[in-house]
>>> print(open('input-v2.txt').read())   # compact mmCIF, C-alpha atoms
# COMPACT_ATOMS: atom_id res chain seq x y z
CA GLU A 1 83.07 129.32 71.63
CA LEU A 2 83.29 128.35 67.96
CA ALA A 3 82.30 131.88 67.00
CA ASP A 4 85.08 133.32 69.14
CA ILE A 5 87.65 130.99 67.59
CA SER A 6 86.57 131.60 64.00
CA GLY A 7 85.66 135.27 64.35
CA GLN A 8 82.30 134.65 62.67
CA HIS A 9 78.84 135.80 63.72
CA VAL A 10 77.27 133.56 66.37
CA GLY A 11 74.13 133.03 64.27
CA ASP A 12 76.10 131.90 61.21
CA VAL A 13 78.24 129.51 63.26
CA SER A 14 75.17 128.12 65.03
CA GLU A 15 73.35 127.46 61.75
CA ALA A 16 76.35 125.75 60.19
CA PHE A 17 76.90 123.62 63.30
CA SER A 18 73.24 122.57 63.33
CA GLU A 19 73.54 121.34 59.74
CA ILE A 20 76.68 119.37 60.56
CA ARG A 21 75.14 117.81 63.64
CA ALA A 22 71.99 116.85 61.75
CA GLU A 23 74.17 114.85 59.36
CA ALA A 24 76.15 113.37 62.24
CA LEU A 25 73.08 111.75 63.76
CA SER A 26 71.81 110.32 60.46
CA ARG A 27 74.89 108.36 59.28
CA PRO A 28 78.24 107.02 60.50
CA TRP A 29 80.96 109.67 60.57
CA THR A 30 84.58 110.18 61.61
CA ARG A 31 86.23 112.62 63.99
CA ASP A 32 88.08 114.18 61.06
CA GLU A 33 84.78 114.85 59.24
CA PHE A 34 83.09 116.70 62.10
CA PRO A 35 85.76 117.69 64.66
CA GLU A 36 83.47 120.23 66.35
CA VAL A 37 80.81 117.58 67.00
CA ALA A 38 83.46 115.13 68.24
CA ALA A 39 84.80 117.77 70.63
CA MET A 40 81.31 118.48 71.97
CA LEU A 41 80.69 114.79 72.61
CA GLU A 42 84.04 114.45 74.33
CA ARG A 43 83.23 117.32 76.70
CA ASN A 44 79.85 115.81 77.50
CA THR A 45 80.94 112.19 77.92
CA ALA A 46 80.13 112.04 81.63
CA ALA A 47 76.70 113.62 81.16
CA LEU A 48 75.82 111.31 78.26
CA ASP A 49 76.92 108.24 80.22
CA LEU A 50 74.67 109.41 83.06
CA ILE A 51 71.70 109.59 80.66
CA VAL A 52 72.46 106.04 79.50
CA ALA A 53 72.50 104.84 83.11
CA ALA A 54 69.31 106.76 83.94
CA SER A 55 67.49 105.20 80.98
CA ARG A 56 67.88 101.79 82.68
CA ARG A 57 65.93 102.92 85.74
CA PRO A 58 62.46 101.35 86.05
CA ARG A 59 60.52 104.55 86.73
CA TYR A 60 60.71 108.27 86.01
CA TYR A 61 59.90 111.26 88.22
CA SER A 62 59.91 114.96 87.42
CA PRO A 63 58.71 117.65 89.85
CA LEU A 64 56.06 120.12 88.74
CA ILE A 65 57.58 123.58 88.34
CA VAL A 66 54.84 126.20 88.20
CA ASP A 67 54.79 129.65 86.70
CA ILE A 68 54.70 131.97 89.74
CA GLU A 69 52.44 134.45 87.94
CA HIS A 70 49.99 131.74 86.91
CA PRO A 71 50.23 128.80 89.36
CA MET A 72 48.08 126.48 87.26
CA LEU A 73 48.75 123.02 85.87
CA ILE A 74 48.44 124.38 82.33
CA SER A 75 51.38 126.69 83.09
CA VAL A 76 53.66 123.99 84.48
CA LEU A 77 57.16 124.19 83.01
CA LEU A 78 58.80 121.05 81.62
CA PRO A 79 62.51 121.94 81.52
CA ILE A 80 63.77 118.39 82.13
CA GLU A 81 61.71 116.88 79.34
CA GLN A 82 62.71 119.54 76.81
CA GLN A 83 66.41 119.30 77.72
CA GLN A 84 66.40 115.56 77.08
CA ARG A 85 65.85 116.23 73.38
CA GLU A 86 69.33 117.75 73.23
CA GLY A 87 70.75 114.81 75.16
CA VAL A 88 69.24 112.38 72.65
CA ARG A 89 70.65 114.30 69.69
CA GLN A 90 74.11 113.95 71.20
CA LEU A 91 73.61 110.27 72.05
CA THR A 92 72.52 109.43 68.51
CA SER A 93 75.49 111.39 67.11
CA ARG A 94 77.80 109.47 69.44
CA ALA A 95 76.24 106.19 68.31
CA MET A 96 77.00 107.00 64.68
CA LEU A 97 80.61 107.87 65.60
CA LYS A 98 81.00 104.60 67.51
CA LEU A 99 79.53 102.67 64.57
CA GLU A 100 82.07 104.16 62.16
CA GLU A 101 84.86 103.29 64.60
CA GLY A 102 83.74 99.65 64.70
CA ASP A 103 82.04 99.69 68.10
CA ALA A 104 78.65 98.31 67.03
CA GLU A 105 77.85 97.18 70.58
CA GLY A 106 78.49 100.62 72.08
CA ALA A 107 76.58 102.30 69.26
CA TRP A 108 73.52 100.15 69.88
CA GLU A 109 73.68 100.78 73.64
CA ASP A 110 73.44 104.53 72.96
CA LEU A 111 70.55 104.09 70.52
CA LEU A 112 68.67 101.70 72.81
CA SER A 113 69.15 104.18 75.66
CA CYS A 114 67.32 106.80 73.58
CA HIS A 115 64.41 104.40 73.08
CA ARG A 116 64.38 103.61 76.81
CA LEU A 117 64.52 107.29 77.72
CA ALA A 118 61.50 107.97 75.51
CA ARG A 119 59.57 105.31 77.45
CA ARG A 120 60.58 106.80 80.79
CA LEU A 121 59.54 110.29 79.73
CA SER A 122 56.21 108.90 78.52
CA GLU A 123 55.28 108.50 82.19
CA ASN A 124 54.76 112.28 82.26
CA TRP A 125 51.16 113.28 83.00
CA SER A 126 50.85 115.91 80.27
CA MET A 127 50.23 115.89 76.53
CA ILE A 128 53.43 117.91 76.02
CA GLY A 129 55.44 115.31 77.92
CA GLY A 130 53.96 112.57 75.76
CA LEU A 131 54.78 114.48 72.58
CA VAL A 132 58.39 114.98 73.71
CA SER A 133 58.78 111.25 74.34
CA ILE A 134 57.44 110.44 70.86
CA ALA A 135 59.79 113.01 69.28
CA ILE A 136 62.77 111.51 71.13
CA ASP A 137 61.86 108.03 69.93
CA ALA A 138 61.58 109.35 66.36
CA ASN A 139 65.15 110.71 66.61
CA ALA A 140 66.33 107.26 67.69
CA VAL A 141 64.48 105.52 64.84
CA GLU A 142 66.17 107.79 62.30
CA SER A 143 69.57 106.66 63.57
CA ASP A 144 68.39 103.04 63.78
CA GLU A 145 68.00 103.11 60.00
CA ALA A 146 71.65 104.03 59.57
CA TYR A 147 72.65 101.36 62.09
CA LEU A 148 70.92 98.48 60.33
CA GLU A 149 72.49 99.52 57.01
CA SER A 150 76.03 99.15 58.32
CA ASP A 151 78.04 96.19 57.06
CA ALA A 152 79.81 96.16 60.43
CA VAL A 153 76.63 94.87 62.11
CA THR A 154 76.24 91.10 61.84
CA ALA A 155 73.01 89.14 61.55
CA GLU A 156 73.54 87.85 65.08
CA LYS A 157 73.84 91.40 66.41
CA LEU A 158 70.78 92.50 64.44
CA ARG A 159 68.78 89.67 66.01
CA LYS A 160 69.70 90.94 69.47
CA CYS A 161 68.74 94.48 68.46
CA LEU A 162 65.38 93.25 67.19
CA ARG A 163 64.73 91.46 70.49
CA ASP A 164 65.62 94.65 72.35
CA LEU A 165 63.13 96.65 70.29
CA GLU A 166 60.40 94.04 70.75
CA ASN A 167 60.93 94.09 74.53
CA LEU A 168 60.50 97.85 74.82
CA GLU A 169 57.40 99.12 76.54
CA PRO A 170 54.81 100.86 74.34
CA LEU A 171 55.04 104.57 73.66
CA PRO A 172 52.58 106.75 75.63
CA VAL A 173 48.90 106.03 75.18
CA MET A 174 47.52 109.50 74.58
CA ALA A 175 44.00 108.46 75.58
CA ASP A 176 45.34 107.61 79.06
CA ILE A 177 47.14 110.96 79.31
CA VAL A 178 43.98 112.84 78.32
CA ASP A 179 41.80 110.75 80.62
CA GLN A 180 43.99 111.44 83.63
CA GLY A 181 46.48 114.30 83.31
CA GLU A 182 44.67 116.56 80.84
CA ARG A 183 41.32 116.01 82.60
CA LEU A 184 42.98 117.00 85.88
CA MET A 185 44.29 120.14 84.20
CA PHE A 186 40.71 121.03 83.26
CA VAL A 187 39.52 120.56 86.86
CA ASP A 188 42.43 122.67 88.12
CA SER A 189 41.64 125.42 85.61
CA VAL A 190 37.98 125.51 86.72
CA ASN A 191 39.13 125.72 90.34
CA GLN A 192 41.49 128.59 89.55
CA LEU A 193 38.75 130.48 87.67
CA MET A 194 36.31 129.97 90.53
CA ARG A 195 38.86 131.30 93.03
CA GLY A 196 40.54 133.94 90.90
CA GLY A 197 37.75 135.13 88.64
CA THR A 198 38.33 136.27 85.10
CA GLY A 199 41.84 137.43 86.02
CA ALA A 200 42.85 133.78 86.02
CA LEU A 201 42.07 133.69 82.30
CA SER A 202 45.40 135.38 81.64
CA GLY A 203 47.00 132.05 82.52
CA LEU A 204 45.01 130.40 79.74
CA LEU A 205 45.03 133.00 76.99
CA GLU A 206 47.72 134.46 74.78
CA GLY A 207 48.15 138.08 75.78
CA ASP A 208 46.64 139.92 78.73
CA THR A 209 43.02 140.03 79.74
CA PRO A 210 41.39 143.47 80.20
CA GLU A 211 42.51 145.20 83.38
CA ASP A 212 38.99 145.34 84.86
CA TYR A 213 38.83 141.53 84.65
CA ASN A 214 41.23 141.36 87.59
CA SER A 215 39.01 143.31 89.95
CA SER A 216 37.16 141.80 92.91
CA GLY A 217 33.92 142.95 91.30
CA SER A 218 34.68 140.97 88.18
CA HIS A 219 35.46 137.92 90.32
CA SER A 220 32.10 138.16 92.09
CA LEU A 221 30.24 138.76 88.84
CA LEU A 222 31.74 135.66 87.22
CA ASN A 223 30.85 133.46 90.18
CA ALA A 224 27.29 134.84 90.13
CA ALA A 225 26.96 134.25 86.40
CA ILE A 226 28.55 130.78 86.11
CA ASP A 227 27.35 127.56 87.76
CA TRP A 228 30.66 125.73 88.27
CA ASP A 229 28.91 122.40 88.87
CA VAL A 230 27.50 122.66 85.36
CA VAL A 231 30.94 123.55 83.97
CA LEU A 232 32.51 120.52 85.65
CA THR A 233 29.72 118.21 84.55
CA VAL A 234 29.93 119.33 80.92
CA GLY A 235 33.72 119.08 81.04
CA HIS A 236 33.77 115.54 82.35
CA GLU A 237 31.17 114.47 79.80
CA ARG A 238 33.27 115.96 77.02
CA TYR A 239 36.46 114.32 78.28
CA ASP A 240 34.64 110.98 78.43
CA GLU A 241 33.59 111.55 74.82
CA ILE A 242 37.09 112.55 73.70
CA VAL A 243 38.77 109.61 75.42
CA ALA A 244 36.28 107.15 73.94
CA ALA A 245 36.99 108.58 70.47
CA MET A 246 40.76 108.37 71.00
CA ARG A 247 40.47 104.68 71.86
CA ILE A 248 38.77 103.80 68.54
CA GLU A 249 41.13 101.44 66.74
CA ASP A 250 40.16 102.21 63.14
CA TYR A 251 42.13 105.27 62.06
CA ALA A 252 39.57 106.78 59.66
CA THR A 253 36.68 106.33 62.11
CA ARG A 254 38.72 107.73 64.98
CA SER A 255 39.85 110.79 63.03
CA ALA A 256 36.32 111.59 61.89
CA GLU A 257 34.95 111.30 65.42
CA LEU A 258 37.68 113.51 66.92
CA GLN A 259 37.07 116.10 64.21
CA ARG A 260 33.33 116.03 64.92
CA ILE A 261 33.95 116.64 68.63
CA SER A 262 36.36 119.49 67.87
CA ASP A 263 33.85 121.13 65.51
CA ASP A 264 31.19 121.01 68.23
CA PHE A 265 33.12 123.31 70.54
CA ARG A 266 31.99 126.91 70.79
CA PRO A 267 33.71 129.02 68.08
CA GLY A 268 35.77 131.84 69.51
CA SER A 269 37.28 131.79 72.96
CA GLY A 270 38.67 133.89 75.75
CA ALA A 271 38.02 137.38 77.02
CA ALA A 272 36.02 138.47 73.96
CA VAL A 273 33.20 136.03 74.76
CA ILE A 274 33.11 136.37 78.55
CA GLN A 275 31.00 139.52 78.66
CA PRO A 276 28.28 138.13 76.34
CA LEU A 277 28.11 134.97 78.45
CA ILE A 278 27.72 136.99 81.64
CA MET A 279 24.96 139.04 80.01
CA GLU A 280 23.28 135.83 78.83
CA SER A 281 23.36 134.49 82.39
CA LEU A 282 22.03 137.69 83.93
CA SER A 283 19.18 137.70 81.44
CA GLY A 284 17.99 134.40 82.90
CA ASP A 285 19.83 131.55 81.16
CA ARG A 286 22.52 130.76 83.75
CA ASP A 287 22.57 127.07 82.80
CA GLY A 288 23.04 127.83 79.09
CA ALA A 289 25.75 130.40 79.81
CA SER A 290 27.56 127.93 82.07
CA ARG A 291 27.48 125.26 79.37
CA GLU A 292 28.85 127.69 76.79
CA PHE A 293 31.56 128.76 79.24
CA ALA A 294 32.54 125.09 79.66
CA GLU A 295 32.75 124.65 75.88
CA MET A 296 34.92 127.75 75.58
CA LEU A 297 37.27 126.46 78.26
CA LEU A 298 37.42 123.02 76.64
CA ALA A 299 38.24 124.55 73.27
CA LEU A 300 41.27 126.18 74.92
CA LEU A 301 42.44 123.12 76.81
CA THR A 302 41.88 120.37 74.23
CA ALA A 303 43.34 122.11 71.18
CA THR A 304 46.28 119.66 71.02
CA VAL A 305 44.31 116.45 71.59
CA THR A 306 43.93 115.52 67.92
CA HIS A 307 47.57 116.40 67.26
CA GLY A 308 48.64 114.22 70.18
CA ARG A 309 46.70 111.21 68.95
CA GLU A 310 48.14 111.68 65.44
CA ALA A 311 51.65 111.84 66.89
CA GLU A 312 51.00 108.61 68.79
CA THR A 313 49.90 106.89 65.56
CA ARG A 314 53.00 108.13 63.71
CA GLY A 315 55.20 106.94 66.57
CA THR A 316 53.60 103.49 66.53
CA THR A 317 54.03 103.38 62.75
CA ARG A 318 57.73 104.24 62.91
CA ASN A 319 58.30 101.60 65.60
CA ARG A 320 56.62 98.90 63.53
CA LEU A 321 58.49 99.94 60.40
CA ILE A 322 61.89 99.86 62.07
CA ARG A 323 61.24 96.41 63.56
CA ILE A 324 60.43 95.11 60.08
CA GLY A 325 63.51 96.94 58.81
CA PHE A 326 65.73 95.03 61.24
CA ALA A 327 64.04 91.77 60.22
CA LEU A 328 64.69 92.57 56.56
CA ALA A 329 68.35 93.32 57.31
CA ILE A 330 68.66 90.00 59.16
CA HIS A 331 67.20 88.16 56.17
CA GLN A 332 69.60 89.94 53.82
CA ARG A 333 72.64 89.07 55.98
CA GLU A 334 71.61 85.41 56.21
CA HIS A 335 70.33 84.84 52.65
CA GLY A 336 72.34 87.31 50.59
CA GLU A 337 69.39 89.43 49.48
CA PHE A 338 66.21 91.01 50.72
CA PRO A 339 63.10 88.79 50.46
CA GLU A 340 60.59 89.05 47.66
CA SER A 341 57.79 89.68 50.17
CA LEU A 342 57.37 90.41 53.87
CA ASP A 343 55.78 86.99 54.36
CA ALA A 344 59.28 85.49 54.31
CA LEU A 345 59.99 87.17 57.67
CA VAL A 346 57.40 85.08 59.55
CA PRO A 347 57.84 83.05 61.73
CA ASP A 348 61.54 83.94 61.79
CA PRO A 349 62.84 86.48 62.66
CA LEU A 350 59.35 87.92 63.35
CA ASP A 351 56.65 85.94 65.17
CA GLU A 352 54.03 87.91 63.27
CA LEU A 353 54.02 90.74 60.76
CA PRO A 354 53.20 94.17 62.24
CA LEU A 355 50.43 95.97 60.33
CA ASP A 356 50.09 99.58 59.21
CA PRO A 357 48.17 101.41 62.00
CA TYR A 358 46.51 103.63 59.41
CA THR A 359 44.92 100.80 57.41
CA SER A 360 45.31 97.63 59.54
CA GLN A 361 46.83 96.15 56.37
CA PRO A 362 50.44 95.10 55.66
CA PHE A 363 52.94 97.88 55.01
CA ILE A 364 53.95 98.49 51.42
CA TYR A 365 57.24 96.79 50.62
CA GLN A 366 59.29 97.01 47.44
CA ARG A 367 62.70 95.70 46.50
CA THR A 368 64.62 98.33 44.55
CA GLU A 369 66.85 97.94 41.50
CA ASP A 370 69.95 98.83 43.53
CA ALA A 371 69.48 95.72 45.72
CA GLY A 372 67.90 97.77 48.50
CA PHE A 373 64.32 98.09 49.68
CA ARG A 374 61.61 100.63 50.32
CA LEU A 375 59.10 100.04 53.15
CA TYR A 376 56.37 102.48 54.02
CA SER A 377 52.99 103.34 55.49
CA VAL A 378 50.34 105.28 53.57
CA GLY A 379 50.18 107.85 56.38
CA GLU A 380 47.39 110.18 57.40
CA ASN A 381 45.89 110.73 53.95
CA LEU A 382 45.41 106.94 53.61
CA GLN A 383 46.76 107.13 50.04
CA ASP A 384 49.75 105.38 48.53
CA ASP A 385 52.01 108.25 47.45
CA GLY A 386 54.64 105.86 46.13
CA GLY A 387 56.90 106.32 49.10
CA ALA A 388 56.92 110.12 48.87
CA SER A 389 56.86 111.92 52.21
CA PHE A 390 56.78 115.51 53.42
CA GLY A 391 59.61 117.48 51.82
CA ASP A 392 59.75 115.39 48.67
CA GLU A 393 58.90 116.82 45.27
CA PRO A 394 56.08 116.25 44.72
CA PRO A 395 55.32 115.92 48.44
CA GLY A 396 53.54 112.92 49.90
CA ASP A 397 52.17 111.73 53.21
CA ASP A 398 53.87 108.33 53.42
CA ILE A 399 56.02 107.31 56.40
CA ILE A 400 59.02 105.51 54.97
CA ILE A 401 62.25 103.70 55.74
CA GLU A 402 64.54 102.44 53.02
CA ILE A 403 67.99 101.04 52.35
CA ARG A 404 69.94 102.03 49.27
CA PRO A 405 73.31 100.23 49.26
CA GLU A 406 76.24 102.29 48.01
>>> encode(input="input-v2.txt", output="structure tokens")
Amino acid sequence: ELADISGQHVGDVSEAFSEIRAEALSRPWTRDEFPEVAAMLERNTAALDLIVAASRRPRYYSPLIVDIEHPMLISVLLPIEQQQREGVRQLTSRAMLKLEEGDAEGAWEDLLSCHRLARRLSENWSMIGGLVSIAIDANAVESDEAYLESDAVTAEKLRKCLRDLENLEPLPVMADIVDQGERLMFVDSVNQLMRGGTGALSGLLEGDTPEDYNSSGSHSLLNAAIDWDVVLTVGHERYDEIVAAMRIEDYATRSAELQRISDDFRPGSGAAVIQPLIMESLSGDRDGASREFAEMLLALLTATVTHGREAETRGTTRNRLIRIGFALAIHQREHGEFPESLDALVPDPLDELPLDPYTSQPFIYQRTEDAGFRLYSVGENLQDDGGASFGDEPPGDDIIIEIRPE
């Protein structure tokens, strides 16, 4: 529509609009600044209000929509979850517009709805669903930073916001998702391979499997070569091992253990290794071939496990940082300046000081010369990069929030 009005190429208009909207969700703005964004929000008012209402529901349900060509759990489509990311972008943009217009209460209701929605979506059974919920919450945290900076938000209001954040349910526990949903996906994949033969591999692999893999002869050969009880046994043992590693509290120990498990999986995967495994089985080592087949399948299905656990840790870190950020803003409103140390926040407004999930130590806090503050986690490299994060020059690995008063 904007392209038609302006006569510009759709791609150019889309890129420019994306840049404008990115700014609109990161700071307060006026209708005159971004009229296109304001018009979009106006058109979608009813839909956005419906999302806000839905976020208050106690439970979440989404039907499984399968790929007709590959009716497997690994091929389930997640259109509802993915579409909510767009809804959250619009809600956070609307919150920043409301904040600029003096409606701090309405702005917070939109932001809190995004946090609630992330918790509802975290009830999804899959790793992808969990990752979407964490990404949605991250969008909300980014706008929370702009909210707590606003002079229009009083200390009393900030205290209510902090209570709201503290009363939120936890983000998804990826170990639970792997233990239940992802494990079930493995069992379903084994069942599909047992019933459909090597042709079912096309639902697991990028690209097509060889044409002769879809023949009835190939199906029979695979079932003769592979002991599915062994595959299931190995798979469940591996999932037990993965879940136990994911539940390790110490970040460095957990990361090392997950990396060790990942390195143990059979190198190479898919159609290229099926024929050698079948030949290995026919030569007499059916048990060994079945175990290698299980490892190959696990390498395919658990590729995102480490990434999911890292995303969970980053999400937990951002949530702890933003809670401390609100506490710091409360202190500044009530005492005229930010405290010299985080210890001043306990026992009020915080009952206890949240720790950095990467180190189990306090976050790094610094007052800045411009009467603001910098608060950050050391991040995945476990090194203090001075508050530098990805995209900075030089780049760092820290996870940071900060206030720099104008």
>>> atom_distance(input="input-v2.txt", atom1="atom CA of A:Asp264", atom2="atom CA of A:Thr304")
15.4 Å
>>> residues_near_point(input="input-v2.txt", point="(44.0, 126.7, 93.7)", cutoff="8 Å", atoms="all atoms listed in the file", output="JSON, numbers by chain")
{"A": [71, 72, 188, 191, 192, 195]}
>>> residues_near_point(input="input-v2.txt", point="(53.9, 113.4, 72.3)", cutoff="10 Å", atoms="all atoms listed in the file", output="ChimeraX atom specification")
/A:118,121-122,126-137,171-174,304,307-312,315
>>> atom_distance(input="input-v2.txt", atom1="atom CA of A:Leu277", atom2="atom CA of A:Arg260")
23.9 Å
>>> atom_distance(input="input-v2.txt", atom1="atom CA of A:Ala244", atom2="atom CA of A:Asp179")
9.4 Å
>>> closest_residue(input="input-v2.txt", among="A:Leu345, A:Met279, A:Arg57, A:Asp103", to="A:Ile330", atoms="only C-alpha atoms")
A:Leu345
>>> residues_around(input="input-v2.txt", residues="A:Arg323", least_positions_apart="3", cutoff="10 Å", atoms="only C-alpha atoms", output="list in words")
Val141, Asp144, Cys161, Leu162, Arg163, Asp164, Leu165, Glu166, Arg318, Asn319, Arg320, Phe326, Ala327, Leu328, Ala329, Leu350, Leu353 and Pro354 of chain A
>>> residues_around(input="input-v2.txt", residues="A:Asp176", least_positions_apart="6", cutoff="10 Å", atoms="only C-alpha atoms", output="ChimeraX atom specification")
/A:125,127,182-183,243,246-247
>>> residues_around(input="input-v2.txt", residues="A:Glu369", least_positions_apart="3", cutoff="12 Å", atoms="only C-alpha atoms", output="ChimeraX atom specification")
/A:337-338,366,372-374,403-405
>>> closest_residue(input="input-v2.txt", among="A:Glu81, A:Asp32, A:Glu42, A:Glu149", to="A:Arg119", atoms="only C-alpha atoms")
A:Glu81
>>> residues_around(input="input-v2.txt", residues="A:Ala299", least_positions_apart="2", cutoff="8 Å", atoms="all atoms listed in the file", output="PyMOL selection string")
chain A and resi 262+265-266+269+295-297+301-303
>>> write_last_selection(input="input-v2.txt", atoms="C-alpha atoms", output="PDB file, keeping the file's coordinate frame")
ATOM      1  CA  SER A 262      36.360 119.490  67.870  1.00  0.00           C
ATOM      2  CA  PHE A 265      33.120 123.310  70.540  1.00  0.00           C
ATOM      3  CA  ARG A 266      31.990 126.910  70.790  1.00  0.00           C
ATOM      4  CA  SER A 269      37.280 131.790  72.960  1.00  0.00           C
ATOM      5  CA  GLU A 295      32.750 124.650  75.880  1.00  0.00           C
ATOM      6  CA  MET A 296      34.920 127.750  75.580  1.00  0.00           C
ATOM      7  CA  LEU A 297      37.270 126.460  78.260  1.00  0.00           C
ATOM      8  CA  LEU A 301      42.440 123.120  76.810  1.00  0.00           C
ATOM      9  CA  THR A 302      41.880 120.370  74.230  1.00  0.00           C
ATOM     10  CA  ALA A 303      43.340 122.110  71.180  1.00  0.00           C
TER      11      ALA A 303
END
>>> closest_residue(input="input-v2.txt", among="A:Ala152, A:Ala54, A:Met96, A:Val37", to="A:Ala16", atoms="all atoms listed in the file")
A:Val37
>>> closest_residue(input="input-v2.txt", among="A:Glu69, A:Asp229, A:Gly336, A:Pro28", to="A:Ala107", atoms="all atoms listed in the file")
A:Pro28
>>> residues_around(input="input-v2.txt", residues="A:Arg56", least_positions_apart="6", cutoff="9 Å", atoms="all atoms listed in the file", output="JSON, numbers by chain")
{"A": [113, 116, 117]}
>>> closest_residue(input="input-v2.txt", among="A:Leu148, A:Ile248, A:Val187, A:Ala155", to="A:Gly235", atoms="only C-alpha atoms")
A:Val187
>>> closest_residue(input="input-v2.txt", among="A:Gly288, A:Pro79, A:Gly391, A:Gly396", to="A:Val234", atoms="all atoms listed in the file")
A:Gly288
>>> decode(input="input-v2.txt", residues="stretch 313-338 of chain A", atoms="C-alpha atoms", output="mmCIF file, in the first residue's frame")
data_model
loop_
_atom_site.group_PDB
_atom_site.id
_atom_site.type_symbol
_atom_site.label_atom_id
_atom_site.label_comp_id
_atom_site.auth_asym_id
_atom_site.auth_seq_id
_atom_site.Cartn_x
_atom_site.Cartn_y
_atom_site.Cartn_z
ATOM 1 C CA THR A 313 20.073 -18.636 29.829
ATOM 2 C CA ARG A 314 20.081 -15.367 27.865
ATOM 3 C CA GLY A 315 16.356 -14.970 28.492
ATOM 4 C CA THR A 316 16.790 -15.537 32.220
ATOM 5 C CA THR A 317 19.658 -13.043 32.227
ATOM 6 C CA ARG A 318 17.620 -10.339 30.484
ATOM 7 C CA ASN A 319 14.727 -10.860 32.913
ATOM 8 C CA ARG A 320 16.982 -10.496 35.942
ATOM 9 C CA LEU A 321 18.695 -7.448 34.473
ATOM 10 C CA ILE A 322 15.440 -5.646 33.723
ATOM 11 C CA ARG A 323 14.099 -6.309 37.229
ATOM 12 C CA ILE A 324 17.240 -4.736 38.686
ATOM 13 C CA GLY A 325 16.851 -1.924 36.155
ATOM 14 C CA PHE A 326 13.370 -1.128 37.467
ATOM 15 C CA ALA A 327 14.688 -1.253 41.045
ATOM 16 C CA LEU A 328 17.464 1.172 40.112
ATOM 17 C CA ALA A 329 14.957 3.529 38.492
ATOM 18 C CA ILE A 330 12.796 3.401 41.637
ATOM 19 C CA HIS A 331 15.815 4.293 43.776
ATOM 20 C CA GLN A 332 16.691 7.179 41.461
ATOM 21 C CA ARG A 333 13.126 8.568 41.571
ATOM 22 C CA GLU A 334 12.998 8.353 45.367
ATOM 23 C CA HIS A 335 16.559 9.452 46.234
ATOM 24 C CA GLY A 336 17.498 11.724 43.341
ATOM 25 C CA GLU A 337 20.322 9.561 42.005
ATOM 26 C CA PHE A 338 21.252 5.987 41.248
#
